[in-house]
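One file, upload_0.csv, is given below (CSV, C-alpha atoms).
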chain,number,residue,atom,x,y,z
A,1,MET,CA,0.9,116.1,117.8
A,2,LYS,CA,3.5,113.3,118.4
A,3,THR,CA,7.1,114.0,117.9
A,4,ASP,CA,9.2,111.6,115.7
A,5,VAL,CA,10.8,110.3,118.9
A,6,GLN,CA,7.4,109.5,120.5
A,7,LEU,CA,6.2,107.9,117.3
A,8,LYS,CA,9.2,105.7,117.0
A,9,LYS,CA,8.7,104.6,120.6
A,10,ASP,CA,5.0,103.8,119.9
A,11,VAL,CA,5.7,101.9,116.8
A,12,THR,CA,8.4,99.9,118.5
A,13,HIS,CA,6.1,99.1,121.4
A,14,GLU,CA,3.3,98.0,119.0
A,15,LEU,CA,5.7,95.7,117.2
A,16,GLU,CA,6.8,94.2,120.5
A,17,TRP,CA,3.1,93.9,121.6
A,18,ASP,CA,2.1,91.8,118.6
A,19,PRO,CA,2.9,88.1,119.4
A,20,SER,CA,3.1,87.2,115.6
A,21,ILE,CA,6.2,89.5,115.2
A,22,ASN,CA,9.7,89.1,116.5
A,23,ALA,CA,10.5,92.8,117.0
A,24,THR,CA,14.2,92.1,117.7
A,25,HIS,CA,14.6,91.6,113.9
A,26,ILE,CA,13.1,95.0,113.0
A,27,GLY,CA,14.6,98.4,112.9
A,28,VAL,CA,12.4,101.5,113.2
A,29,ALA,CA,13.2,105.0,112.0
A,30,VAL,CA,10.9,108.0,111.8
A,31,GLU,CA,11.2,111.3,110.0
A,32,ASP,CA,8.3,113.8,109.7
A,33,GLY,CA,5.8,111.1,110.6
A,34,VAL,CA,7.0,108.7,108.0
A,35,VAL,CA,8.0,105.3,109.5
A,36,THR,CA,10.7,103.2,107.9
A,37,LEU,CA,10.9,99.5,108.8
A,38,THR,CA,14.2,97.6,108.1
A,39,GLY,CA,15.6,94.2,108.8
A,40,HIS,CA,15.2,90.5,107.9
A,41,LEU,CA,12.2,88.3,108.7
A,42,PRO,CA,11.7,84.5,108.3
A,43,THR,CA,8.3,84.7,106.6
A,44,PHE,CA,6.3,87.0,104.3
A,45,ALA,CA,3.3,86.7,106.8
A,46,GLU,CA,5.5,88.3,109.5
A,47,LYS,CA,6.6,91.1,107.2
A,48,GLN,CA,2.9,91.9,106.5
A,49,ALA,CA,2.1,91.7,110.2
A,50,ALA,CA,4.9,94.2,110.9
A,51,GLU,CA,3.5,96.7,108.3
A,52,ASN,CA,0.0,96.3,109.7
A,53,ALA,CA,1.2,96.9,113.3
A,54,ALA,CA,2.9,100.2,112.2
A,55,ARG,CA,-0.3,101.3,110.5
A,56,ARG,CA,-2.2,100.9,113.7
A,57,VAL,CA,-0.2,103.5,115.5
A,58,ALA,CA,-1.9,106.9,115.6
A,59,GLY,CA,0.2,109.7,114.0
A,60,VAL,CA,1.8,107.6,111.3
A,61,ARG,CA,1.6,109.5,108.1
A,62,ALA,CA,3.2,106.9,105.8
A,63,ILE,CA,5.3,103.7,105.9
A,64,ALA,CA,8.3,102.6,104.0
A,65,VAL,CA,8.8,98.9,104.2
A,66,GLU,CA,12.4,97.8,103.6
A,67,LEU,CA,12.1,94.4,105.2
A,68,ASP,CA,13.6,91.4,103.5
A,69,VAL,CA,12.2,87.8,103.7
A,70,ARG,CA,14.8,85.2,104.4
A,71,LEU,CA,13.1,81.9,104.7
A,72,GLU,CA,14.2,79.5,107.5
A,73,PRO,CA,14.7,75.9,106.4
A,74,ARG,CA,11.4,74.8,108.0
A,75,HIS,CA,9.5,77.3,105.9
A,76,GLN,CA,11.2,76.5,102.6
A,77,ARG,CA,9.0,74.9,99.9
A,78,SER,CA,9.4,74.2,96.2
A,79,ASP,CA,7.5,76.5,93.8
A,80,ALA,CA,5.3,73.6,92.8
A,81,GLU,CA,4.3,73.0,96.4
A,82,ILE,CA,3.6,76.6,97.0
A,83,ALA,CA,1.4,76.9,93.9
A,84,ALA,CA,-0.5,73.7,94.9
A,85,ALA,CA,-1.1,75.0,98.4
A,86,ILE,CA,-2.4,78.3,97.2
A,87,GLU,CA,-4.8,76.7,94.7
A,88,THR,CA,-6.1,74.4,97.4
A,89,ALA,CA,-6.6,77.4,99.8
A,90,PHE,CA,-8.5,79.3,97.1
A,91,LYS,CA,-10.8,76.4,96.5
A,92,TRP,CA,-11.7,76.3,100.2
A,93,HIS,CA,-12.3,80.0,100.4
A,94,ALA,CA,-16.0,80.9,99.9
A,95,GLN,CA,-15.2,84.4,98.7
A,96,ILE,CA,-12.5,83.7,96.1
A,97,PRO,CA,-13.5,82.8,92.5
A,98,ASP,CA,-10.7,80.3,92.2
A,99,GLU,CA,-11.7,79.1,88.7
A,100,ARG,CA,-10.9,82.6,87.4
A,101,ILE,CA,-7.5,83.1,89.1
A,102,GLN,CA,-4.2,81.8,87.7
A,103,VAL,CA,-1.3,81.3,90.1
A,104,ARG,CA,2.3,81.4,89.1
A,105,VAL,CA,5.3,80.9,91.5
A,106,GLU,CA,8.9,81.7,90.8
A,107,LYS,CA,11.5,81.5,93.5
A,108,GLY,CA,8.9,82.0,96.1
A,109,TRP,CA,7.3,85.0,94.5
A,110,VAL,CA,3.6,84.5,93.8
A,111,THR,CA,1.9,86.2,90.8
A,112,LEU,CA,-1.9,86.3,90.6
A,113,THR,CA,-3.6,87.0,87.3
A,114,GLY,CA,-7.1,86.8,86.0
A,115,GLU,CA,-10.4,88.7,86.2
A,116,VAL,CA,-12.7,89.1,89.2
A,117,ASP,CA,-15.9,91.0,89.9
A,118,TRP,CA,-15.1,92.8,93.1
A,119,ASP,CA,-12.0,94.3,94.9
A,120,TYR,CA,-12.7,92.2,98.0
A,121,GLU,CA,-12.2,89.1,95.9
A,122,ARG,CA,-8.9,90.5,94.7
A,123,HIS,CA,-7.9,91.4,98.2
A,124,ASN,CA,-9.0,88.0,99.6
A,125,ALA,CA,-6.8,86.2,97.0
A,126,GLU,CA,-3.8,88.2,98.0
A,127,THR,CA,-4.3,87.8,101.8
A,128,THR,CA,-4.9,84.1,101.4
A,129,ALA,CA,-1.6,83.6,99.5
A,130,ARG,CA,0.6,85.6,101.9
A,131,PRO,CA,0.8,83.2,104.9
A,132,ILE,CA,1.5,80.1,102.8
A,133,SER,CA,4.8,78.6,103.7
A,134,GLY,CA,7.6,79.4,101.2
A,135,VAL,CA,6.0,82.6,100.0
A,136,VAL,CA,8.5,85.5,99.9
A,137,GLY,CA,6.2,88.0,98.1
A,138,VAL,CA,2.9,88.4,96.3
A,139,ILE,CA,2.3,90.3,93.0
A,140,ASN,CA,-1.4,90.9,92.6
A,141,LYS,CA,-2.2,91.5,88.9
A,142,LEU,CA,-5.9,90.6,89.2
A,143,VAL,CA,-8.2,93.0,87.4
A,144,LEU,CA,-11.8,93.9,87.9
A,145,ARG,CA,-14.4,93.0,85.2
A,146,HIS,CA,-15.7,96.1,83.6
A,147,ARG,CA,-19.2,97.2,84.5
A,148,ASP,CA,-21.0,100.4,83.9
A,149,ALA,CA,-21.0,102.6,86.9
A,150,PRO,CA,-24.5,103.6,88.1
A,151,LYS,CA,-25.6,107.2,88.3
A,152,TYR,CA,-24.9,109.3,91.4
A,153,ILE,CA,-22.0,107.0,92.4
A,154,ALA,CA,-20.2,109.8,94.2
A,155,GLU,CA,-23.3,110.4,96.4
A,156,ARG,CA,-23.6,106.7,97.1
A,157,ILE,CA,-20.0,106.5,98.2
A,158,HIS,CA,-20.5,109.6,100.4
A,159,ASP,CA,-23.5,108.1,102.0
A,160,ALA,CA,-21.5,105.0,102.9
A,161,LEU,CA,-18.8,107.2,104.4
A,162,VAL,CA,-21.3,109.0,106.5
A,163,ARG,CA,-22.8,105.8,107.8
A,164,ALA,CA,-19.3,104.8,109.0
A,165,ALA,CA,-18.2,108.1,110.4
A,166,GLU,CA,-20.2,111.3,109.7
A,167,ASP,CA,-17.6,113.8,111.1
A,168,GLU,CA,-14.7,112.3,109.0
A,169,ALA,CA,-16.9,112.2,105.9
A,170,ARG,CA,-17.1,115.9,105.9
A,171,ASP,CA,-13.4,116.3,105.2
A,172,ILE,CA,-13.3,113.8,102.3
A,173,ARG,CA,-13.8,114.8,98.7
A,174,ILE,CA,-14.9,112.4,96.1
A,175,ASP,CA,-14.3,112.8,92.4
A,176,VAL,CA,-15.6,110.3,89.8
A,177,LYS,CA,-14.4,110.1,86.2
A,178,GLY,CA,-15.7,107.1,84.4
A,179,ASP,CA,-14.8,104.0,86.5
A,180,THR,CA,-12.1,105.8,88.5
A,181,VAL,CA,-12.8,107.3,91.9
A,182,THR,CA,-10.3,109.8,93.4
A,183,LEU,CA,-10.5,110.5,97.2
A,184,SER,CA,-8.8,113.5,98.7
A,185,GLY,CA,-9.0,115.6,101.9
A,186,SER,CA,-7.8,114.6,105.3
A,187,VAL,CA,-8.6,112.2,108.2
A,188,SER,CA,-7.1,111.7,111.6
A,189,THR,CA,-6.0,108.1,111.4
A,190,TRP,CA,-4.8,105.5,108.9
A,191,ALA,CA,-7.7,103.3,109.7
A,192,GLN,CA,-10.1,106.0,108.6
A,193,ARG,CA,-8.2,106.5,105.4
A,194,THR,CA,-8.4,102.8,104.7
A,195,ALA,CA,-12.1,102.7,105.5
A,196,ALA,CA,-12.8,105.5,103.0
A,197,GLN,CA,-10.9,103.5,100.3
A,198,THR,CA,-12.8,100.4,101.1
A,199,ALA,CA,-16.1,102.2,100.8
A,200,ALA,CA,-15.1,103.5,97.4
A,201,TRP,CA,-14.2,100.0,96.2
A,202,CYS,CA,-17.6,98.7,97.3
A,203,ALA,CA,-19.4,100.9,94.7
A,204,PRO,CA,-20.4,98.9,91.6
A,205,GLY,CA,-18.6,99.7,88.4
A,206,VAL,CA,-15.5,101.1,90.1
A,207,SER,CA,-12.3,99.6,88.7
A,208,ARG,CA,-9.8,102.0,90.1
A,209,VAL,CA,-9.5,104.0,93.3
A,210,VAL,CA,-6.9,106.8,93.8
A,211,ASN,CA,-6.5,107.5,97.5
A,212,GLU,CA,-5.0,110.9,98.0
A,213,ILE,CA,-6.4,111.4,101.5
A,214,ARG,CA,-3.9,112.8,104.0
A,215,ILE,CA,-3.4,111.9,107.6
A,216,ALA,CA,-3.9,115.1,109.6
A,217,ILE,CA,-1.3,115.8,112.2

Full structure transcribed into structure tokens:
Amino acid sequence: MKTDVQLKKDVTHELEWDPSINATHIGVAVEDGVVTLTGHLPTFAEKQAAENAARRVAGVRAIAVELDVRLEPRHQRSDAEIAAAIETAFKWHAQIPDERIQVRVEKGWVTLTGEVDWDYERHNAETTARPISGVVGVINKLVLRHRDAPKYIAERIHDALVRAAEDEARDIRIDVKGDTVTLSGSVSTWAQRTAAQTAAWCAPGVSRVVNEIRIAI
């Protein structure tokens, strides 16, 4: 098990290793495996990259992101320009139903509303909006269209987890109530926790996933 000192060192090195991040602008603190990132960054995309870098480090149990986005002059855009750029990006993305998504921008904050069929469409919309110049944050209010969940959905999700990693699947519990899936248990890495959540979202009829899986240390 890594100590907090070792974990801080590893997260710092991972931030420095990623060429899309200026690690000199980021402070790292660790307590009981929980990583806190602080500082000021010039774009929302870099903020997201920093969070993703911290998640890649083995031993991280949770992340608190206290990073502010302070746009440099070359990244500043009007709200109208940001909205137009996002709508164009959505139209060119084959896996985003742009005709069902409304984009609102206020002081660089992007709010997405509307109804989509799958969580991956909701996720794609958010990740496409994040790197647009001028964006300082994204609020994703997209909802999934209601569909009846098929029978034996827990077994289907479990089968998907087994296909990905049989050993890890043994330690994950799946509880289904209506269209809500709750995952619990433990895995050894953040990537495995995320993979389990993704598998649950792929099940038809699921409109909410509660991920209570712990990172074992």

(message) Residues near segment 52-69 of chain A, anyone? I mean within 10 Å using all atoms listed in the file, not counting same-chain ones fewer than 6 positions away, as a ChimeraX atom specification.
(response) /A:1-4,6-8,10-18,21,25-46,134-137,188-191,214-217

Selection above as a file: C-alpha atoms, as a PDB file, keeping the file's coordinate frame:
ATOM      1  CA  MET A   1       0.900 116.100 117.800  1.00  0.00           C
ATOM      2  CA  LYS A   2       3.500 113.300 118.400  1.00  0.00           C
ATOM      3  CA  THR A   3       7.100 114.000 117.900  1.00  0.00           C
ATOM      4  CA  ASP A   4       9.200 111.600 115.700  1.00  0.00           C
ATOM      5  CA  GLN A   6       7.400 109.500 120.500  1.00  0.00           C
ATOM      6  CA  LEU A   7       6.200 107.900 117.300  1.00  0.00           C
ATOM      7  CA  LYS A   8       9.200 105.700 117.000  1.00  0.00           C
ATOM      8  CA  ASP A  10       5.000 103.800 119.900  1.00  0.00           C
ATOM      9  CA  VAL A  11       5.700 101.900 116.800  1.00  0.00           C
ATOM     10  CA  THR A  12       8.400  99.900 118.500  1.00  0.00           C
ATOM     11  CA  HIS A  13       6.100  99.100 121.400  1.00  0.00           C
ATOM     12  CA  GLU A  14       3.300  98.000 119.000  1.00  0.00           C
ATOM     13  CA  LEU A  15       5.700  95.700 117.200  1.00  0.00           C
ATOM     14  CA  GLU A  16       6.800  94.200 120.500  1.00  0.00           C
ATOM     15  CA  TRP A  17       3.100  93.900 121.600  1.00  0.00           C
ATOM     16  CA  ASP A  18       2.100  91.800 118.600  1.00  0.00           C
ATOM     17  CA  ILE A  21       6.200  89.500 115.200  1.00  0.00           C
ATOM     18  CA  HIS A  25      14.600  91.600 113.900  1.00  0.00           C
ATOM     19  CA  ILE A  26      13.100  95.000 113.000  1.00  0.00           C
ATOM     20  CA  GLY A  27      14.600  98.400 112.900  1.00  0.00           C
ATOM     21  CA  VAL A  28      12.400 101.500 113.200  1.00  0.00           C
ATOM     22  CA  ALA A  29      13.200 105.000 112.000  1.00  0.00           C
ATOM     23  CA  VAL A  30      10.900 108.000 111.800  1.00  0.00           C
ATOM     24  CA  GLU A  31      11.200 111.300 110.000  1.00  0.00           C
ATOM     25  CA  ASP A  32       8.300 113.800 109.700  1.00  0.00           C
ATOM     26  CA  GLY A  33       5.800 111.100 110.600  1.00  0.00           C
ATOM     27  CA  VAL A  34       7.000 108.700 108.000  1.00  0.00           C
ATOM     28  CA  VAL A  35       8.000 105.300 109.500  1.00  0.00           C
ATOM     29  CA  THR A  36      10.700 103.200 107.900  1.00  0.00           C
ATOM     30  CA  LEU A  37      10.900  99.500 108.800  1.00  0.00           C
ATOM     31  CA  THR A  38      14.200  97.600 108.100  1.00  0.00           C
ATOM     32  CA  GLY A  39      15.600  94.200 108.800  1.00  0.00           C
ATOM     33  CA  HIS A  40      15.200  90.500 107.900  1.00  0.00           C
ATOM     34  CA  LEU A  41      12.200  88.300 108.700  1.00  0.00           C
ATOM     35  CA  PRO A  42      11.700  84.500 108.300  1.00  0.00           C
ATOM     36  CA  THR A  43       8.300  84.700 106.600  1.00  0.00           C
ATOM     37  CA  PHE A  44       6.300  87.000 104.300  1.00  0.00           C
ATOM     38  CA  ALA A  45       3.300  86.700 106.800  1.00  0.00           C
ATOM     39  CA  GLU A  46       5.500  88.300 109.500  1.00  0.00           C
ATOM     40  CA  GLY A 134       7.600  79.400 101.200  1.00  0.00           C
ATOM     41  CA  VAL A 135       6.000  82.600 100.000  1.00  0.00           C
ATOM     42  CA  VAL A 136       8.500  85.500  99.900  1.00  0.00           C
ATOM     43  CA  GLY A 137       6.200  88.000  98.100  1.00  0.00           C
ATOM     44  CA  SER A 188      -7.100 111.700 111.600  1.00  0.00           C
ATOM     45  CA  THR A 189      -6.000 108.100 111.400  1.00  0.00           C
ATOM     46  CA  TRP A 190      -4.800 105.500 108.900  1.00  0.00           C
ATOM     47  CA  ALA A 191      -7.700 103.300 109.700  1.00  0.00           C
ATOM     48  CA  ARG A 214      -3.900 112.800 104.000  1.00  0.00           C
ATOM     49  CA  ILE A 215      -3.400 111.900 107.600  1.00  0.00           C
ATOM     50  CA  ALA A 216      -3.900 115.100 109.600  1.00  0.00           C
ATOM     51  CA  ILE A 217      -1.300 115.800 112.200  1.00  0.00           C
TER      52      ILE A 217
END

(message) Report as an MDAnalysis selection string all protein, DNA and RNA residues lying within 12 Å of Lys177 of chain A, evaluated on only C-alpha atoms, omitting residues in the same chain fewer than 5 positions from it.
(response) chainID A and resid 148:149 151:154 182:183 205:210

(message) So that I can check the surroundings of Leu144 of chain A, please list as a PyMOL selection string every protein, DNA and RNA residue that reaches within 8 Å of it, counting all atoms listed in the file and ignoring chain neighbours fewer than 5 positions away.
(response) chain A and resi 115-119+207

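Atom CA of Tyr120 of chain A lies 25.1 Å from atom CA of Glu106 of chain A.
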
(request) State, in Å with one decimal place, the distance from atom CA of Pro97 of chain A to atom CA of Ala160 of chain A. (result) 25.8 Å

(request) Quote the spacing between atom CA of Thr111 of chain A and atom CA of Gln95 of chain A in Å to one decimal place. (result) 18.9 Å

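With only C-alpha atoms as the atoms that count, the residue of A:Ala50, A:Ile157, A:Ile213, A:Ala165 with the shortest distance to Ser184 of chain A is A:Ile213.
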
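Restricting the calculation to all atoms listed in the file, the smallest distance between Thr127 of chain A and any of A:Val143, A:Val110, A:Val105, A:Ile174 is found for A:Val110.
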
(request) Find the residues near Gln76 of chain A: any atom within 9 Å, counting all atoms listed in the file, skip ones fewer than 2 places away on the same chain, and give them as a PyMOL selection string. (result) chain A and resi 71-74+78+108+133-135
